[in-house]
$ cat entry33.txt   # compact mmCIF, C-alpha atoms
# COMPACT_ATOMS: atom_id res chain seq x y z
CA MET W 1 15.09 19.75 -22.86
CA ILE W 2 18.32 18.43 -24.30
CA ILE W 3 19.78 15.72 -22.08
CA PRO W 4 23.27 14.32 -22.77
CA LYS W 5 23.33 10.71 -23.92
CA LYS W 6 25.39 9.46 -20.93
CA THR W 7 22.96 11.12 -18.50
CA ARG W 8 19.94 9.67 -20.30
CA GLN W 9 21.53 6.20 -20.28
CA ALA W 10 22.25 6.46 -16.54
CA ILE W 11 18.62 7.43 -15.86
CA TYR W 12 17.25 4.64 -18.08
CA GLN W 13 19.65 2.07 -16.59
CA LYS W 14 18.55 2.93 -13.05
CA LEU W 15 14.89 2.85 -14.10
CA PHE W 16 15.25 -0.53 -15.82
CA THR W 17 17.18 -2.06 -12.91
CA ASP W 18 14.67 -1.01 -10.24
CA GLY W 19 11.51 -0.85 -12.34
CA VAL W 20 10.55 2.35 -10.50
CA MET W 21 11.91 5.87 -10.08
CA VAL W 22 11.21 8.54 -7.46
CA ALA W 23 12.04 12.25 -7.65
CA LYS W 24 11.14 15.15 -5.41
CA LYS W 25 9.45 18.04 -7.18
CA GLU W 26 12.45 20.28 -6.75
CA PHE W 27 13.62 21.55 -10.12
CA ASN W 28 16.63 23.45 -8.76
CA ALA W 29 18.15 20.50 -6.88
CA PRO W 30 21.78 20.09 -7.97
CA LYS W 31 21.58 16.28 -8.06
CA HIS W 32 19.13 13.41 -7.83
CA PRO W 33 19.40 11.46 -4.54
CA GLU W 34 19.84 8.07 -6.26
CA LEU W 35 21.87 9.27 -9.26
CA GLU W 36 24.73 11.35 -7.88
CA SER W 37 25.95 12.86 -11.15
CA VAL W 38 22.53 13.69 -12.60
CA PRO W 39 20.55 16.88 -11.86
CA ASN W 40 17.03 16.30 -10.54
CA LEU W 41 15.52 18.39 -13.34
CA MET W 42 16.96 16.08 -16.00
CA VAL W 43 15.49 13.02 -14.25
CA ILE W 44 12.06 14.66 -14.10
CA LYS W 45 12.18 15.71 -17.76
CA ALA W 46 13.43 12.32 -18.98
CA MET W 47 10.62 10.60 -17.10
CA GLN W 48 8.13 13.14 -18.44
CA SER W 49 9.25 12.20 -21.94
CA LEU W 50 8.78 8.49 -21.22
CA LYS W 51 5.36 9.20 -19.72
CA SER W 52 4.18 11.08 -22.82
CA ARG W 53 5.07 8.01 -24.91
CA GLY W 54 3.25 5.66 -22.51
CA TYR W 55 6.35 3.86 -21.24
CA VAL W 56 5.90 4.77 -17.56
CA HIS W 57 2.96 5.34 -15.23
CA GLU W 58 3.21 8.51 -13.12
CA GLN W 59 1.86 9.03 -9.61
CA TYR W 60 2.29 12.30 -7.73
CA ALA W 61 1.84 12.73 -3.99
CA TRP W 62 3.27 15.03 -1.33
CA ARG W 63 5.72 16.83 -3.65
CA HIS W 64 7.18 13.59 -5.01
CA PHE W 65 6.85 12.00 -8.44
CA TYR W 66 6.63 8.20 -8.57
CA TRP W 67 7.10 6.44 -11.90
CA SER W 68 6.74 2.74 -12.65
CA LEU W 69 7.55 0.98 -15.91
CA THR W 70 4.80 -0.37 -18.13
CA ASN W 71 5.25 -3.48 -20.28
CA GLU W 72 5.84 -1.30 -23.34
CA GLY W 73 8.44 0.66 -21.38
CA ILE W 74 10.30 -2.51 -20.46
CA MET W 75 10.44 -3.54 -24.13
CA TYR W 76 11.58 -0.04 -25.16
CA LEU W 77 14.35 0.13 -22.55
CA ARG W 78 15.54 -3.40 -23.44
CA GLU W 79 15.97 -2.25 -27.01
CA TYR W 80 17.51 1.13 -26.06
CA LEU W 81 19.99 -0.31 -23.52
CA HIS W 82 20.69 -3.52 -25.52
CA VAL W 83 19.68 -5.76 -22.61
CA PRO W 84 18.81 -9.46 -23.19
CA ASN W 85 15.28 -10.74 -22.61
CA GLU W 86 16.35 -12.79 -19.58
CA VAL W 87 17.07 -9.64 -17.55
CA VAL W 88 13.97 -8.16 -15.90
CA PRO W 89 13.40 -5.21 -13.55
CA ASN W 90 13.44 -5.86 -9.79
CA THR W 91 9.72 -5.18 -9.56
CA LEU W 92 9.01 -8.25 -11.71
CA LYS W 93 11.31 -10.60 -9.80
CA ARG W 94 9.80 -12.98 -7.28
CA ALA W 95 10.84 -12.54 -3.67
CA VAL W 96 12.88 -15.48 -2.42
CA ARG W 97 11.68 -16.87 0.91
CA ALA W 98 14.53 -17.70 3.25
CA GLU W 99 12.41 -19.24 6.01
CA PRO W 100 11.04 -22.76 5.61
CA VAL W 101 7.32 -23.26 6.09
CA ARG W 102 6.55 -24.15 9.70
CA PRO W 103 3.98 -26.76 10.71
CA PRO W 104 0.80 -25.44 12.33
CA GLY W 105 1.11 -24.95 16.07
CA GLY W 106 4.72 -23.82 15.89
CA ASP W 107 7.44 -25.13 18.16
CA ARG W 108 5.56 -24.48 21.40
CA GLY W 109 4.00 -27.91 21.46
CA GLU W 110 0.45 -28.77 22.44
CA ARG W 111 -1.58 -26.03 24.13
CA ARG W 112 -3.95 -26.87 26.93
CA PRO W 113 -6.87 -24.68 27.99
CA ARG W 114 -6.49 -22.46 31.03
CA GLU W 115 -8.00 -23.62 34.25
CA GLY W 116 -11.41 -22.11 34.97
CA TYR W 117 -11.73 -20.62 31.48
CA GLU W 118 -14.12 -22.29 29.06
CA GLY W 119 -13.95 -19.86 26.18
CA ARG W 120 -15.23 -16.57 24.86
CA SER W 121 -18.75 -16.91 26.24
CA ASP W 122 -17.45 -17.35 29.80
CA TYR W 123 -15.29 -14.26 29.45
CA ARG W 124 -18.28 -12.18 28.46
CA ARG W 125 -20.50 -13.61 31.14
CA GLY W 126 -17.99 -12.93 33.90
CA PRO W 127 -18.05 -14.49 37.35
CA VAL W 128 -21.33 -15.73 38.83
CA GLY W 129 -23.25 -12.92 40.46
CA GLY W 130 -23.04 -10.36 37.68
CA THR W 131 -19.88 -8.65 38.90
CA GLY W 132 -18.04 -9.19 35.61
CA ARG W 133 -16.82 -6.46 33.32
CA GLY W 134 -20.24 -5.02 32.72
CA PHE W 135 -21.44 -8.00 30.71
CA GLY W 136 -23.66 -9.27 33.50
CA GLY W 137 -24.22 -12.72 34.87
CA PRO W 138 -27.09 -15.05 35.64
CA ASP W 139 -29.16 -12.25 37.23
CA LYS W 140 -28.90 -9.99 34.16
CA LYS W 141 -32.15 -9.55 32.25
CA ILE W 142 -31.77 -9.98 28.52
CA GLY W 143 -33.92 -8.07 26.06
CA ALA W 144 -36.45 -5.30 26.47
CA GLY W 145 -38.85 -5.21 29.40
CA SER W 146 -42.49 -6.26 29.13
CA ASP W 147 -43.66 -2.62 29.28
CA PHE W 148 -41.48 -1.57 26.31
CA ASN W 149 -43.73 -0.09 23.60
CA PRO W 150 -41.91 2.12 21.08
CA GLN W 151 -43.95 4.68 19.12
CA PHE W 152 -42.76 6.33 15.96
CA ARG W 153 -44.50 9.63 15.24
CA GLY W 154 -42.48 11.03 12.40
CA GLY W 155 -38.95 12.24 12.57
CA TYR W 156 -37.20 15.50 12.93
CA GLY W 157 -37.20 16.77 9.37
CA ARG W 158 -36.86 13.32 7.81
CA GLY W 159 -39.67 13.11 5.34
CA ARG W 160 -43.31 13.78 5.87
CA GLY W 161 -44.75 12.59 9.16
CA GLY W 162 -47.94 10.54 9.37
CA PRO W 163 -51.12 11.58 11.15
CA ALA W 164 -50.72 12.07 14.92
CA GLU W 165 -52.51 9.57 17.14
$ encode --input "entry33.txt" --output "structure tokens"
Amino acid sequence: MIIPKKTRQAIYQKLFTDGVMVAKKEFNAPKHPELESVPNLMVIKAMQSLKSRGYVHEQYAWRHFYWSLTNEGIMYLREYLHVPNEVVPNTLKRAVRAEPVRPPGGDRGERRPREGYEGRSDYRRGPVGGTGRGFGGPDKKIGAGSDFNPQFRGGYGRGRGGPAE
């Protein structure tokens, strides 16, 4: 598809600035949502051309194309757009942290344990008498009973069963 030079430069400039490009798979859309003067079809075809040369990586999901620049694509667009080496796409820039690092514990001060609460094991045990949240108490028997004797006599269709006793 023949794409005018100004349109191609606008697409490449937007791609280089952001480092990524998104387009809905709608070939008849009159314009691209991020590039007001460019038809969506021209964006898709320009990116398809870059993809065939290995300058972008394409991902497609839910009727949307997602393209991200490769290292070769960054070098190609720098040369095509005459951009200096100091300028990099937004995807390669480090995020600046505005908040200073806080000391552990925060600004709430020292925390003291709650009264009558010793920790996780007490929560599970519940109050004395076994009336907790189903986790039992001192009268709860732990483990299998003394009369527990499991017998395995083959399964239901899981391999060949052994001789019956």
$ residues_around --input "entry33.txt" --residues "region 20-37 of chain W" --least-positions-apart "5" --cutoff "6 Å" --atoms "only C-alpha atoms" --output "PyMOL selection string"
chain W and resi 15+63-68
$ atom_distance --input "entry33.txt" --atom1 "CA of Thr91 (chain W)" --atom2 "CA of Lys5 (chain W)"
25.4 Å
$ atom_distance --input "entry33.txt" --atom1 "CA of Glu79 (chain W)" --atom2 "CA of Tyr55 (chain W)"
12.8 Å
$ closest_residue --input "entry33.txt" --among "W:Ala61, W:Leu69, W:Ala46, W:Met75" --to "Asn90 (chain W)" --atoms "only C-alpha atoms"
W:Leu69
$ residues_around --input "entry33.txt" --residues "Ile74 (chain W)" --least-positions-apart "5" --cutoff "12 Å" --atoms "all atoms listed in the file" --output "VMD selection string"
chain W and resid 12 to 13 15 to 20 50 54 to 57 68 to 69 79 to 92
$ write_last_selection --input "entry33.txt" --atoms "C-alpha atoms" --output "short mmCIF file (atom, residue, chain, number, x, y, z; two decimals), keeping the file's coordinate frame"
data_model
loop_
_atom_site.label_atom_id
_atom_site.label_comp_id
_atom_site.auth_asym_id
_atom_site.auth_seq_id
_atom_site.Cartn_x
_atom_site.Cartn_y
_atom_site.Cartn_z
CA TYR W 12 17.25 4.64 -18.08
CA GLN W 13 19.65 2.07 -16.59
CA LEU W 15 14.89 2.85 -14.10
CA PHE W 16 15.25 -0.53 -15.82
CA THR W 17 17.18 -2.06 -12.91
CA ASP W 18 14.67 -1.01 -10.24
CA GLY W 19 11.51 -0.85 -12.34
CA VAL W 20 10.55 2.35 -10.50
CA LEU W 50 8.78 8.49 -21.22
CA GLY W 54 3.25 5.66 -22.51
CA TYR W 55 6.35 3.86 -21.24
CA VAL W 56 5.90 4.77 -17.56
CA HIS W 57 2.96 5.34 -15.23
CA SER W 68 6.74 2.74 -12.65
CA LEU W 69 7.55 0.98 -15.91
CA GLU W 79 15.97 -2.25 -27.01
CA TYR W 80 17.51 1.13 -26.06
CA LEU W 81 19.99 -0.31 -23.52
CA HIS W 82 20.69 -3.52 -25.52
CA VAL W 83 19.68 -5.76 -22.61
CA PRO W 84 18.81 -9.46 -23.19
CA ASN W 85 15.28 -10.74 -22.61
CA GLU W 86 16.35 -12.79 -19.58
CA VAL W 87 17.07 -9.64 -17.55
CA VAL W 88 13.97 -8.16 -15.90
CA PRO W 89 13.40 -5.21 -13.55
CA ASN W 90 13.44 -5.86 -9.79
CA THR W 91 9.72 -5.18 -9.56
CA LEU W 92 9.01 -8.25 -11.71
#
$ atom_distance --input "entry33.txt" --atom1 "CA of Leu41 (chain W)" --atom2 "CA of Arg8 (chain W)"
12.0 Å
$ build_atoms --input "entry33.txt" --residues "region 53-73 of chain W" --atoms "N, CA, C and O atoms" --output "PDB file, keeping the file's coordinate frame"
ATOM      1  N   ARG W  53       5.083   9.096 -23.934  1.00  0.00           N
ATOM      2  CA  ARG W  53       5.070   8.010 -24.910  1.00  0.00           C
ATOM      3  C   ARG W  53       4.398   6.746 -24.361  1.00  0.00           C
ATOM      4  O   ARG W  53       4.300   5.752 -25.066  1.00  0.00           O
ATOM      5  N   GLY W  54       3.964   6.791 -23.094  1.00  0.00           N
ATOM      6  CA  GLY W  54       3.250   5.660 -22.510  1.00  0.00           C
ATOM      7  C   GLY W  54       4.153   4.565 -21.978  1.00  0.00           C
ATOM      8  O   GLY W  54       3.707   3.441 -21.789  1.00  0.00           O
ATOM      9  N   TYR W  55       5.420   4.880 -21.716  1.00  0.00           N
ATOM     10  CA  TYR W  55       6.350   3.860 -21.240  1.00  0.00           C
ATOM     11  C   TYR W  55       6.419   3.782 -19.718  1.00  0.00           C
ATOM     12  O   TYR W  55       6.936   2.802 -19.181  1.00  0.00           O
ATOM     13  N   VAL W  56       5.948   4.803 -19.023  1.00  0.00           N
ATOM     14  CA  VAL W  56       5.900   4.770 -17.560  1.00  0.00           C
ATOM     15  C   VAL W  56       4.549   5.277 -17.087  1.00  0.00           C
ATOM     16  O   VAL W  56       3.872   6.039 -17.775  1.00  0.00           O
ATOM     17  N   HIS W  57       4.177   4.857 -15.889  1.00  0.00           N
ATOM     18  CA  HIS W  57       2.960   5.340 -15.230  1.00  0.00           C
ATOM     19  C   HIS W  57       3.413   6.300 -14.132  1.00  0.00           C
ATOM     20  O   HIS W  57       4.316   5.986 -13.357  1.00  0.00           O
ATOM     21  N   GLU W  58       2.790   7.487 -14.082  1.00  0.00           N
ATOM     22  CA  GLU W  58       3.210   8.510 -13.120  1.00  0.00           C
ATOM     23  C   GLU W  58       2.187   8.642 -12.010  1.00  0.00           C
ATOM     24  O   GLU W  58       0.981   8.648 -12.248  1.00  0.00           O
ATOM     25  N   GLN W  59       2.679   8.758 -10.794  1.00  0.00           N
ATOM     26  CA  GLN W  59       1.860   9.030  -9.610  1.00  0.00           C
ATOM     27  C   GLN W  59       2.524  10.186  -8.877  1.00  0.00           C
ATOM     28  O   GLN W  59       3.741  10.182  -8.708  1.00  0.00           O
ATOM     29  N   TYR W  60       1.733  11.150  -8.432  1.00  0.00           N
ATOM     30  CA  TYR W  60       2.290  12.300  -7.730  1.00  0.00           C
ATOM     31  C   TYR W  60       1.588  12.455  -6.389  1.00  0.00           C
ATOM     32  O   TYR W  60       0.363  12.446  -6.315  1.00  0.00           O
ATOM     33  N   ALA W  61       2.401  12.540  -5.326  1.00  0.00           N
ATOM     34  CA  ALA W  61       1.840  12.730  -3.990  1.00  0.00           C
ATOM     35  C   ALA W  61       2.878  13.399  -3.110  1.00  0.00           C
ATOM     36  O   ALA W  61       4.050  13.012  -3.112  1.00  0.00           O
ATOM     37  N   TRP W  62       2.447  14.358  -2.345  1.00  0.00           N
ATOM     38  CA  TRP W  62       3.270  15.030  -1.330  1.00  0.00           C
ATOM     39  C   TRP W  62       4.611  15.498  -1.900  1.00  0.00           C
ATOM     40  O   TRP W  62       5.681  15.186  -1.387  1.00  0.00           O
ATOM     41  N   ARG W  63       4.544  16.228  -3.016  1.00  0.00           N
ATOM     42  CA  ARG W  63       5.720  16.830  -3.650  1.00  0.00           C
ATOM     43  C   ARG W  63       6.737  15.811  -4.147  1.00  0.00           C
ATOM     44  O   ARG W  63       7.928  16.099  -4.239  1.00  0.00           O
ATOM     45  N   HIS W  64       6.298  14.604  -4.454  1.00  0.00           N
ATOM     46  CA  HIS W  64       7.180  13.590  -5.010  1.00  0.00           C
ATOM     47  C   HIS W  64       6.504  12.953  -6.225  1.00  0.00           C
ATOM     48  O   HIS W  64       5.314  12.661  -6.202  1.00  0.00           O
ATOM     49  N   PHE W  65       7.306  12.739  -7.264  1.00  0.00           N
ATOM     50  CA  PHE W  65       6.850  12.000  -8.440  1.00  0.00           C
ATOM     51  C   PHE W  65       7.251  10.541  -8.246  1.00  0.00           C
ATOM     52  O   PHE W  65       8.362  10.241  -7.805  1.00  0.00           O
ATOM     53  N   TYR W  66       6.348   9.638  -8.605  1.00  0.00           N
ATOM     54  CA  TYR W  66       6.630   8.200  -8.570  1.00  0.00           C
ATOM     55  C   TYR W  66       6.313   7.650  -9.950  1.00  0.00           C
ATOM     56  O   TYR W  66       5.195   7.803 -10.441  1.00  0.00           O
ATOM     57  N   TRP W  67       7.303   7.019 -10.583  1.00  0.00           N
ATOM     58  CA  TRP W  67       7.100   6.440 -11.900  1.00  0.00           C
ATOM     59  C   TRP W  67       7.350   4.945 -11.829  1.00  0.00           C
ATOM     60  O   TRP W  67       8.283   4.494 -11.164  1.00  0.00           O
ATOM     61  N   SER W  68       6.526   4.183 -12.539  1.00  0.00           N
ATOM     62  CA  SER W  68       6.740   2.740 -12.650  1.00  0.00           C
ATOM     63  C   SER W  68       6.652   2.352 -14.126  1.00  0.00           C
ATOM     64  O   SER W  68       5.846   2.898 -14.881  1.00  0.00           O
ATOM     65  N   LEU W  69       7.479   1.403 -14.509  1.00  0.00           N
ATOM     66  CA  LEU W  69       7.550   0.980 -15.910  1.00  0.00           C
ATOM     67  C   LEU W  69       6.306   0.203 -16.323  1.00  0.00           C
ATOM     68  O   LEU W  69       5.786  -0.600 -15.554  1.00  0.00           O
ATOM     69  N   THR W  70       5.854   0.449 -17.535  1.00  0.00           N
ATOM     70  CA  THR W  70       4.800  -0.370 -18.130  1.00  0.00           C
ATOM     71  C   THR W  70       5.463  -1.470 -18.949  1.00  0.00           C
ATOM     72  O   THR W  70       6.688  -1.484 -19.132  1.00  0.00           O
ATOM     73  N   ASN W  71       4.690  -2.403 -19.453  1.00  0.00           N
ATOM     74  CA  ASN W  71       5.250  -3.480 -20.280  1.00  0.00           C
ATOM     75  C   ASN W  71       5.893  -2.937 -21.552  1.00  0.00           C
ATOM     76  O   ASN W  71       6.942  -3.420 -21.981  1.00  0.00           O
ATOM     77  N   GLU W  72       5.266  -1.928 -22.140  1.00  0.00           N
ATOM     78  CA  GLU W  72       5.840  -1.300 -23.340  1.00  0.00           C
ATOM     79  C   GLU W  72       7.151  -0.603 -23.007  1.00  0.00           C
ATOM     80  O   GLU W  72       8.092  -0.605 -23.793  1.00  0.00           O
ATOM     81  N   GLY W  73       7.212  -0.002 -21.816  1.00  0.00           N
ATOM     82  CA  GLY W  73       8.440   0.660 -21.380  1.00  0.00           C
ATOM     83  C   GLY W  73       9.582  -0.314 -21.171  1.00  0.00           C
ATOM     84  O   GLY W  73      10.742  -0.015 -21.482  1.00  0.00           O
TER      85      GLY W  73
END
